[in-house]
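So this block is protein_39.tsv, TSV, C-alpha atoms and all ligand atoms:
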chain	number	residue	atom	x	y	z
A	1	MET	CA	20.65	11.00	-20.71
A	2	GLU	CA	18.26	10.79	-17.80
A	3	ALA	CA	19.53	9.16	-14.64
A	4	LYS	CA	18.44	5.56	-14.26
A	5	ARG	CA	15.56	5.43	-11.85
A	6	ALA	CA	14.17	2.89	-9.39
A	7	LEU	CA	11.15	2.77	-7.11
A	8	LEU	CA	11.65	2.12	-3.40
A	9	ILE	CA	8.62	1.13	-1.32
A	10	VAL	CA	9.39	1.31	2.37
A	11	ASP	CA	7.82	-1.04	4.96
A	12	VAL	CA	4.21	-1.36	3.77
A	13	GLN	CA	3.60	-4.16	6.26
A	14	ASN	CA	0.56	-5.30	8.26
A	15	ASP	CA	1.96	-4.12	11.61
A	16	PHE	CA	2.27	-0.54	10.32
A	17	CYS	CA	-1.30	-0.53	8.96
A	18	PRO	CA	-4.60	-0.10	10.85
A	19	GLY	CA	-5.12	-3.14	13.08
A	20	GLY	CA	-1.37	-3.76	13.32
A	21	ALA	CA	0.95	-3.59	16.34
A	22	LEU	CA	2.38	-0.17	15.42
A	23	ALA	CA	-0.37	1.18	13.24
A	24	VAL	CA	0.37	4.36	11.31
A	25	PRO	CA	-2.89	6.34	11.00
A	26	GLU	CA	-4.43	5.88	7.53
A	27	ALA	CA	-1.42	3.91	6.31
A	28	ASP	CA	-3.59	1.73	4.10
A	29	LYS	CA	-4.89	4.81	2.25
A	30	ILE	CA	-1.59	5.15	0.37
A	31	ILE	CA	-1.73	1.64	-1.08
A	32	PRO	CA	-3.82	2.46	-4.19
A	33	ASN	CA	-1.32	5.19	-5.12
A	34	LEU	CA	1.64	2.92	-4.43
A	35	ASN	CA	0.08	0.37	-6.76
A	36	LYS	CA	-0.09	3.05	-9.46
A	37	TYR	CA	3.59	3.90	-9.01
A	38	ILE	CA	4.37	0.18	-9.19
A	39	LYS	CA	2.52	-0.04	-12.51
A	40	ILE	CA	4.44	2.94	-13.94
A	41	PHE	CA	7.83	1.50	-12.99
A	42	TYR	CA	6.89	-2.01	-14.05
A	43	LYS	CA	5.79	-0.84	-17.49
A	44	ALA	CA	8.97	1.20	-17.89
A	45	LYS	CA	11.00	-1.93	-16.95
A	46	LEU	CA	12.64	-0.07	-14.10
A	47	PRO	CA	13.63	-1.83	-10.86
A	48	ILE	CA	11.22	-1.94	-7.94
A	49	PHE	CA	12.56	-2.42	-4.42
A	50	ALA	CA	10.36	-3.20	-1.41
A	51	SER	CA	11.76	-3.19	2.11
A	52	ARG	CA	10.48	-4.89	5.22
A	53	ASP	CA	11.17	-4.11	8.85
A	54	TRP	CA	12.36	-7.57	9.93
A	55	HIS	CA	13.01	-7.84	13.64
A	56	PRO	CA	14.12	-10.66	15.90
A	57	ALA	CA	11.81	-11.33	18.89
A	58	ARG	CA	14.27	-9.65	21.27
A	59	THR	CA	15.85	-6.37	20.24
A	60	LYS	CA	16.73	-3.07	21.90
A	61	HIS	CA	14.40	-1.52	19.30
A	62	PHE	CA	11.43	-2.66	21.45
A	63	LYS	CA	10.13	-1.04	24.67
A	64	ASP	CA	10.49	-4.31	26.56
A	65	PHE	CA	14.26	-4.27	25.96
A	66	GLY	CA	15.01	-0.55	26.31
A	67	GLY	CA	13.72	0.96	23.07
A	68	ILE	CA	10.68	3.10	22.28
A	69	TRP	CA	8.48	0.80	20.17
A	70	PRO	CA	5.88	-1.84	20.88
A	71	VAL	CA	6.78	-5.26	19.54
A	72	HIS	CA	6.22	-5.24	15.75
A	73	CYS	CA	7.32	-6.84	12.49
A	74	ILE	CA	8.83	-9.99	13.96
A	75	GLN	CA	10.47	-12.05	11.22
A	76	ASN	CA	8.12	-14.50	9.46
A	77	THR	CA	4.97	-13.38	11.28
A	78	ARG	CA	1.76	-12.05	9.75
A	79	GLY	CA	2.55	-8.60	11.14
A	80	ALA	CA	5.77	-8.50	9.13
A	81	ALA	CA	4.08	-9.55	5.87
A	82	PHE	CA	3.35	-6.98	3.19
A	83	HIS	CA	-0.17	-5.55	3.31
A	84	PRO	CA	-2.30	-7.90	1.17
A	85	LYS	CA	-3.50	-5.04	-1.07
A	86	LEU	CA	0.01	-4.04	-2.12
A	87	LYS	CA	0.54	-5.47	-5.61
A	88	LEU	CA	4.23	-6.24	-5.94
A	89	PRO	CA	5.37	-7.84	-9.20
A	90	LYS	CA	7.31	-11.04	-8.86
A	91	ASP	CA	10.63	-9.54	-9.90
A	92	THR	CA	10.48	-7.04	-7.04
A	93	ILE	CA	13.77	-6.89	-5.17
A	94	PHE	CA	12.99	-7.56	-1.50
A	95	LEU	CA	15.03	-5.94	1.23
A	96	TYR	CA	15.23	-6.78	4.93
A	97	LYS	CA	16.30	-4.49	7.76
A	98	GLY	CA	16.19	-4.23	11.53
A	99	MET	CA	17.71	-7.66	12.19
A	100	SER	CA	20.08	-6.34	14.86
A	101	ASP	CA	19.19	-7.11	18.48
A	102	GLN	CA	21.34	-4.13	19.56
A	103	LYS	CA	20.24	-1.11	17.56
A	104	ASP	CA	17.48	0.64	15.64
A	105	SER	CA	18.10	0.62	11.93
A	106	TYR	CA	15.58	2.82	10.24
A	107	SER	CA	17.30	3.42	6.92
A	108	VAL	CA	16.91	1.10	3.96
A	109	PHE	CA	20.62	1.76	3.42
A	110	GLN	CA	21.02	-0.58	6.40
A	111	ALA	CA	18.97	-3.24	4.58
A	112	GLU	CA	20.08	-6.17	2.47
A	113	ASP	CA	18.49	-8.51	-0.06
A	114	SER	CA	17.78	-12.22	0.57
A	115	ARG	CA	21.42	-13.08	-0.27
A	116	GLY	CA	22.85	-10.49	2.08
A	117	THR	CA	23.82	-7.90	-0.55
A	118	GLU	CA	23.47	-4.36	0.76
A	119	PHE	CA	20.98	-1.98	-0.84
A	120	LYS	CA	23.70	0.52	-1.88
A	121	LYS	CA	25.65	-2.24	-3.61
A	122	LEU	CA	22.51	-3.35	-5.51
A	123	LEU	CA	21.88	0.23	-6.66
A	124	ASP	CA	25.46	0.57	-7.88
A	125	LEU	CA	25.35	-2.78	-9.69
A	126	LEU	CA	22.15	-1.71	-11.46
A	127	GLY	CA	23.46	1.77	-12.26
A	128	ILE	CA	20.65	3.50	-10.39
A	129	ARG	CA	21.19	7.23	-9.75
A	130	GLU	CA	17.68	8.37	-8.84
A	131	LEU	CA	15.23	6.93	-6.30
A	132	TYR	CA	11.47	7.45	-6.12
A	133	ILE	CA	10.59	6.78	-2.48
A	134	GLY	CA	7.22	6.12	-0.84
A	135	GLY	CA	5.79	4.06	2.01
A	136	LEU	CA	5.97	4.07	5.82
A	137	ALA	CA	6.73	5.82	8.02
A	138	THR	CA	7.38	9.38	6.82
A	139	ASP	CA	9.07	10.44	10.06
A	140	TYR	CA	11.19	7.28	10.58
A	141	CYS	CA	12.19	4.85	7.86
A	142	VAL	CA	11.21	7.05	4.91
A	143	LYS	CA	13.05	10.06	6.34
A	144	SER	CA	16.12	8.09	7.33
A	145	SER	CA	16.30	6.38	3.92
A	146	VAL	CA	15.80	9.63	2.00
A	147	LEU	CA	18.50	11.44	3.98
A	148	ASP	CA	20.95	8.56	3.48
A	149	ALA	CA	20.17	8.47	-0.25
A	150	LEU	CA	20.91	12.20	-0.52
A	151	ARG	CA	24.11	11.78	1.51
A	152	TYR	CA	25.25	9.09	-0.94
A	153	GLY	CA	24.58	11.45	-3.83
A	154	PHE	CA	21.40	9.93	-5.24
A	155	LYS	CA	18.66	12.13	-6.64
A	156	VAL	CA	15.51	11.64	-4.59
A	157	ARG	CA	11.87	12.06	-5.49
A	158	LEU	CA	9.68	11.91	-2.41
A	159	LEU	CA	6.24	10.52	-3.32
A	160	ILE	CA	4.13	12.80	-1.15
A	161	ASP	CA	0.86	11.17	-2.17
A	162	ALA	CA	2.21	7.78	-1.07
A	163	ILE	CA	3.71	8.29	2.41
A	164	LYS	CA	2.24	8.37	5.93
A	165	GLY	CA	3.85	9.11	9.28
A	166	VAL	CA	3.65	7.92	12.89
A	167	ASP	CA	3.57	11.45	14.41
A	168	LEU	CA	4.57	10.38	17.92
A	169	LYS	CA	4.75	14.14	18.39
A	170	PRO	CA	2.18	16.09	16.36
A	171	GLY	CA	3.84	17.64	13.32
A	172	ASP	CA	6.71	15.12	13.10
A	173	SER	CA	5.77	14.13	9.55
A	174	VAL	CA	5.43	17.72	8.33
A	175	ARG	CA	8.83	18.54	9.84
A	176	ALA	CA	10.32	15.38	8.33
A	177	ILE	CA	9.10	16.40	4.85
A	178	GLU	CA	10.52	19.91	5.32
A	179	GLU	CA	13.89	18.50	6.31
A	180	MET	CA	14.01	16.04	3.40
A	181	VAL	CA	13.15	18.81	0.94
A	182	LYS	CA	15.63	21.22	2.52
A	183	LYS	CA	18.37	18.61	2.10
A	184	GLY	CA	17.57	18.14	-1.58
A	185	ALA	CA	14.64	15.75	-2.05
A	186	LYS	CA	12.17	16.86	-4.72
A	187	LYS	CA	8.48	16.23	-4.17
A	188	ALA	CA	6.61	14.13	-6.71
A	189	THR	CA	3.00	13.07	-7.12
A	190	LEU	CA	1.16	10.85	-9.59
A	191	LYS	CA	-0.24	14.00	-11.16
A	192	ILE	CA	3.24	15.39	-11.83
A	193	LEU	CA	4.49	12.04	-13.15
A	194	ASN	CA	1.55	11.56	-15.49
A	195	ARG	CA	1.69	15.08	-16.86
B	1	LIG	C1	9.62	2.07	11.54
B	1	LIG	C2	9.22	2.58	13.73
B	1	LIG	C3	9.82	1.42	14.12
B	1	LIG	C4	9.45	2.46	10.10
B	1	LIG	C5	10.23	0.90	11.91
B	1	LIG	O1	9.43	1.55	9.24
B	1	LIG	O2	9.31	3.67	9.82
B	1	LIG	N1	9.13	2.92	12.45
B	1	LIG	N2	10.32	0.58	13.21
B	2	ZN	ZN	10.89	-1.43	13.62
As structure tokens, please, write out the structure in this file.
Amino acid sequence: MEAKRALLIVDVQNDFCPGGALAVPEADKIIPNLNKYIKIFYKAKLPIFASRDWHPARTKHFKDFGGIWPVHCIQNTRGAAFHPKLKLPKDTIFLYKGMSDQKDSYSVFQAEDSRGTEFKKLLDLLGIRELYIGGLATDYCVKSSVLDALRYGFKVRLLIDAIKGVDLKPGDSVRAIEEMVKKGAKKATLKILNR
């Protein structure tokens, strides 16, 4: 039997899109493809998870308090909301991460749902063994989540037509993809899935 699959959409929020506080170049360009993946998983009645970077106003994650990032994705602000073009079905499982005022938490494996249940626990309860992962940003939260998933023994499909990176240093995203693939992630695209 095929492993039970789920879709994970990472941090497709206003602040990471053009016009936002920590805009990832061309981030909004992946949204039409993400919507197609959502449709595929929705039709197959497979779970869809969507994470949000969800920071308090003061955290060591931000430049002002010792970190490397401009202020972004503050809880309950417009910047932290999902991009309005992302079409999430109403039974999407929402995940929140980055609530610590002490540390960066890039991985969705450090996220929890609205009741405080950890992502890993939710996956185990649902019997998920394989994750299809897309979203933002390739070189931070996507990479960190993919590597954690592999470490925990999940199969990972990296949706390379539905990710974009920050590239603080040029080439960061390319190197991130190489590392994820080297550690066991398999690339997927809509073309491959629809074949
Ligand atoms: C992220 C930088 C800072 C991400 C979050 O979601 O990839 N990147 N906070
Ligand atoms: Zn953040």
Near-stretch 86-103 of chain A list (9 Å; all atoms listed in the file; drop same-chain fewer than 2 positions) as a count of residues only:
41
Identify, on the basis of only C-alpha atoms, every residue whose closest approach to A:Leu190 does not exceed 9 Å; exclude the query and any residue fewer than 4 positions from it along the same chain; express the result as number ranges by chain.
A: 33, 36-37, 159, 161, 194-195
Would you list the residues that come within 8 Å of ligand LIG 1 (chain B)? Count only C-alpha atoms and all ligand atoms and give the answer as an MDAnalysis selection string.
chainID A and resid 10:11 16 22 52:53 61 69 72 98 104:106 136:142 165:166
Using all atoms listed in the file, find the one residue out of A:Ile40, A:Leu125, A:Leu46, A:Ile163 that sits nearest to A:Lys143.
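Between A:Ile40, A:Leu125, A:Leu46, A:Ile163, the residue approaching A:Lys143 most closely is A:Ile163.
Put simply, atom CA of A:Val146 is 22.7 Å away from atom CA of A:Ala44.
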Extract, using all atoms listed in the file, all DNA, RNA and protein residues at most 7 Å from A:Gly184, discarding same-chain residues fewer than 3 positions from it, and format them as a count of residues only.
3
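Of the residues under consideration (A:Leu147, A:Val71, A:Ala185, A:Val156), A:Val71 shows the shortest atom-to-atom contact distance to A:Asp15 when counting only C-alpha atoms.
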So the first atom is atom CA of A:Lys29 and the second is atom CA of A:Thr189; what is the distance between them in Å, to one decimal place?
14.8 Å
What does the structure give for the distance between atom CA of A:Lys183 and atom CA of A:Glu26, in Å to one decimal?
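These two atoms are separated by 26.7 Å.
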I want to know what sits within 9 Å of A:Gly20, based on only C-alpha atoms, with residues of the same chain fewer than 6 positions away left out; could you give that as a PyMOL selection string?
chain A and resi 13-14+72+79
Extract, using only C-alpha atoms, all DNA, RNA and protein residues at most 9 Å from A:Leu126, discarding same-chain residues fewer than 3 positions from it, and format them as a list in words.
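Returned residues: Lys4, Pro47, Lys121, Leu122 and Leu123 of chain A.
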Kindly add N, CA, C and O atoms to the incomplete stretch 152-178 of chain A and provide the output as a PDB file, keeping the file's coordinate frame.
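Output contents, as saved in selection_37.pdb:
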ATOM      1  N   TYR A 152      24.482   9.899   0.018  1.00  0.00           N
ATOM      2  CA  TYR A 152      25.250   9.090  -0.940  1.00  0.00           C
ATOM      3  C   TYR A 152      25.264   9.679  -2.340  1.00  0.00           C
ATOM      4  O   TYR A 152      25.852   9.110  -3.249  1.00  0.00           O
ATOM      5  N   GLY A 153      24.545  10.783  -2.533  1.00  0.00           N
ATOM      6  CA  GLY A 153      24.580  11.450  -3.830  1.00  0.00           C
ATOM      7  C   GLY A 153      23.499  11.028  -4.815  1.00  0.00           C
ATOM      8  O   GLY A 153      23.566  11.369  -5.994  1.00  0.00           O
ATOM      9  N   PHE A 154      22.509  10.279  -4.349  1.00  0.00           N
ATOM     10  CA  PHE A 154      21.400   9.930  -5.240  1.00  0.00           C
ATOM     11  C   PHE A 154      20.437  11.110  -5.351  1.00  0.00           C
ATOM     12  O   PHE A 154      20.300  11.903  -4.416  1.00  0.00           O
ATOM     13  N   LYS A 155      19.790  11.214  -6.523  1.00  0.00           N
ATOM     14  CA  LYS A 155      18.660  12.130  -6.640  1.00  0.00           C
ATOM     15  C   LYS A 155      17.480  11.455  -5.971  1.00  0.00           C
ATOM     16  O   LYS A 155      17.308  10.234  -6.110  1.00  0.00           O
ATOM     17  N   VAL A 156      16.658  12.235  -5.276  1.00  0.00           N
ATOM     18  CA  VAL A 156      15.510  11.640  -4.590  1.00  0.00           C
ATOM     19  C   VAL A 156      14.226  12.364  -4.964  1.00  0.00           C
ATOM     20  O   VAL A 156      14.151  13.596  -4.927  1.00  0.00           O
ATOM     21  N   ARG A 157      13.235  11.568  -5.320  1.00  0.00           N
ATOM     22  CA  ARG A 157      11.870  12.060  -5.490  1.00  0.00           C
ATOM     23  C   ARG A 157      11.039  11.466  -4.363  1.00  0.00           C
ATOM     24  O   ARG A 157      10.910  10.244  -4.252  1.00  0.00           O
ATOM     25  N   LEU A 158      10.507  12.341  -3.530  1.00  0.00           N
ATOM     26  CA  LEU A 158       9.680  11.910  -2.410  1.00  0.00           C
ATOM     27  C   LEU A 158       8.219  11.878  -2.869  1.00  0.00           C
ATOM     28  O   LEU A 158       7.666  12.899  -3.295  1.00  0.00           O
ATOM     29  N   LEU A 159       7.600  10.703  -2.782  1.00  0.00           N
ATOM     30  CA  LEU A 159       6.240  10.520  -3.320  1.00  0.00           C
ATOM     31  C   LEU A 159       5.226  10.971  -2.262  1.00  0.00           C
ATOM     32  O   LEU A 159       4.771  10.183  -1.435  1.00  0.00           O
ATOM     33  N   ILE A 160       4.906  12.268  -2.275  1.00  0.00           N
ATOM     34  CA  ILE A 160       4.130  12.800  -1.150  1.00  0.00           C
ATOM     35  C   ILE A 160       2.671  12.356  -1.129  1.00  0.00           C
ATOM     36  O   ILE A 160       2.012  12.498  -0.113  1.00  0.00           O
ATOM     37  N   ASP A 161       2.206  11.751  -2.217  1.00  0.00           N
ATOM     38  CA  ASP A 161       0.860  11.170  -2.170  1.00  0.00           C
ATOM     39  C   ASP A 161       0.914   9.670  -1.858  1.00  0.00           C
ATOM     40  O   ASP A 161      -0.066   8.952  -2.024  1.00  0.00           O
ATOM     41  N   ALA A 162       2.064   9.208  -1.373  1.00  0.00           N
ATOM     42  CA  ALA A 162       2.210   7.780  -1.070  1.00  0.00           C
ATOM     43  C   ALA A 162       3.107   7.556   0.147  1.00  0.00           C
ATOM     44  O   ALA A 162       3.883   6.603   0.196  1.00  0.00           O
ATOM     45  N   ILE A 163       2.998   8.456   1.123  1.00  0.00           N
ATOM     46  CA  ILE A 163       3.710   8.290   2.410  1.00  0.00           C
ATOM     47  C   ILE A 163       2.749   8.636   3.556  1.00  0.00           C
ATOM     48  O   ILE A 163       1.821   9.427   3.377  1.00  0.00           O
ATOM     49  N   LYS A 164       2.983   8.023   4.708  1.00  0.00           N
ATOM     50  CA  LYS A 164       2.240   8.370   5.930  1.00  0.00           C
ATOM     51  C   LYS A 164       3.178   8.250   7.117  1.00  0.00           C
ATOM     52  O   LYS A 164       4.080   7.390   7.114  1.00  0.00           O
ATOM     53  N   GLY A 165       2.942   9.096   8.145  1.00  0.00           N
ATOM     54  CA  GLY A 165       3.850   9.110   9.280  1.00  0.00           C
ATOM     55  C   GLY A 165       3.220   8.672  10.590  1.00  0.00           C
ATOM     56  O   GLY A 165       2.001   8.632  10.727  1.00  0.00           O
ATOM     57  N   VAL A 166       4.083   8.352  11.558  1.00  0.00           N
ATOM     58  CA  VAL A 166       3.650   7.920  12.890  1.00  0.00           C
ATOM     59  C   VAL A 166       3.159   9.117  13.706  1.00  0.00           C
ATOM     60  O   VAL A 166       2.177   9.022  14.435  1.00  0.00           O
ATOM     61  N   ASP A 167       3.892  10.253  13.624  1.00  0.00           N
ATOM     62  CA  ASP A 167       3.570  11.450  14.410  1.00  0.00           C
ATOM     63  C   ASP A 167       3.476  11.175  15.909  1.00  0.00           C
ATOM     64  O   ASP A 167       2.478  11.518  16.541  1.00  0.00           O
ATOM     65  N   LEU A 168       4.507  10.544  16.464  1.00  0.00           N
ATOM     66  CA  LEU A 168       4.570  10.380  17.920  1.00  0.00           C
ATOM     67  C   LEU A 168       4.368  11.740  18.566  1.00  0.00           C
ATOM     68  O   LEU A 168       3.652  11.876  19.540  1.00  0.00           O
ATOM     69  N   LYS A 169       5.043  12.745  18.026  1.00  0.00           N
ATOM     70  CA  LYS A 169       4.750  14.140  18.390  1.00  0.00           C
ATOM     71  C   LYS A 169       4.009  14.750  17.207  1.00  0.00           C
ATOM     72  O   LYS A 169       4.444  14.573  16.058  1.00  0.00           O
ATOM     73  N   PRO A 170       2.915  15.480  17.477  1.00  0.00           N
ATOM     74  CA  PRO A 170       2.180  16.090  16.360  1.00  0.00           C
ATOM     75  C   PRO A 170       3.122  16.947  15.514  1.00  0.00           C
ATOM     76  O   PRO A 170       3.943  17.684  16.053  1.00  0.00           O
ATOM     77  N   GLY A 171       3.010  16.822  14.206  1.00  0.00           N
ATOM     78  CA  GLY A 171       3.840  17.640  13.320  1.00  0.00           C
ATOM     79  C   GLY A 171       5.133  16.973  12.896  1.00  0.00           C
ATOM     80  O   GLY A 171       5.855  17.498  12.050  1.00  0.00           O
ATOM     81  N   ASP A 172       5.456  15.800  13.462  1.00  0.00           N
ATOM     82  CA  ASP A 172       6.710  15.120  13.100  1.00  0.00           C
ATOM     83  C   ASP A 172       6.814  14.877  11.588  1.00  0.00           C
ATOM     84  O   ASP A 172       7.873  15.072  10.991  1.00  0.00           O
ATOM     85  N   SER A 173       5.709  14.463  10.980  1.00  0.00           N
ATOM     86  CA  SER A 173       5.770  14.130   9.550  1.00  0.00           C
ATOM     87  C   SER A 173       5.971  15.379   8.697  1.00  0.00           C
ATOM     88  O   SER A 173       6.753  15.365   7.744  1.00  0.00           O
ATOM     89  N   VAL A 174       5.275  16.455   9.065  1.00  0.00           N
ATOM     90  CA  VAL A 174       5.430  17.720   8.330  1.00  0.00           C
ATOM     91  C   VAL A 174       6.884  18.185   8.431  1.00  0.00           C
ATOM     92  O   VAL A 174       7.503  18.564   7.428  1.00  0.00           O
ATOM     93  N   ARG A 175       7.426  18.121   9.655  1.00  0.00           N
ATOM     94  CA  ARG A 175       8.830  18.540   9.840  1.00  0.00           C
ATOM     95  C   ARG A 175       9.779  17.616   9.076  1.00  0.00           C
ATOM     96  O   ARG A 175      10.771  18.071   8.501  1.00  0.00           O
ATOM     97  N   ALA A 176       9.468  16.326   9.051  1.00  0.00           N
ATOM     98  CA  ALA A 176      10.320  15.380   8.330  1.00  0.00           C
ATOM     99  C   ALA A 176      10.348  15.727   6.829  1.00  0.00           C
ATOM    100  O   ALA A 176      11.410  15.743   6.207  1.00  0.00           O
ATOM    101  N   ILE A 177       9.178  16.041   6.275  1.00  0.00           N
ATOM    102  CA  ILE A 177       9.100  16.400   4.850  1.00  0.00           C
ATOM    103  C   ILE A 177       9.911  17.669   4.591  1.00  0.00           C
ATOM    104  O   ILE A 177      10.688  17.744   3.636  1.00  0.00           O
ATOM    105  N   GLU A 178       9.753  18.656   5.487  1.00  0.00           N
ATOM    106  CA  GLU A 178      10.520  19.910   5.320  1.00  0.00           C
ATOM    107  C   GLU A 178      12.023  19.636   5.313  1.00  0.00           C
ATOM    108  O   GLU A 178      12.749  20.173   4.483  1.00  0.00           O
TER     109      GLU A 178
END
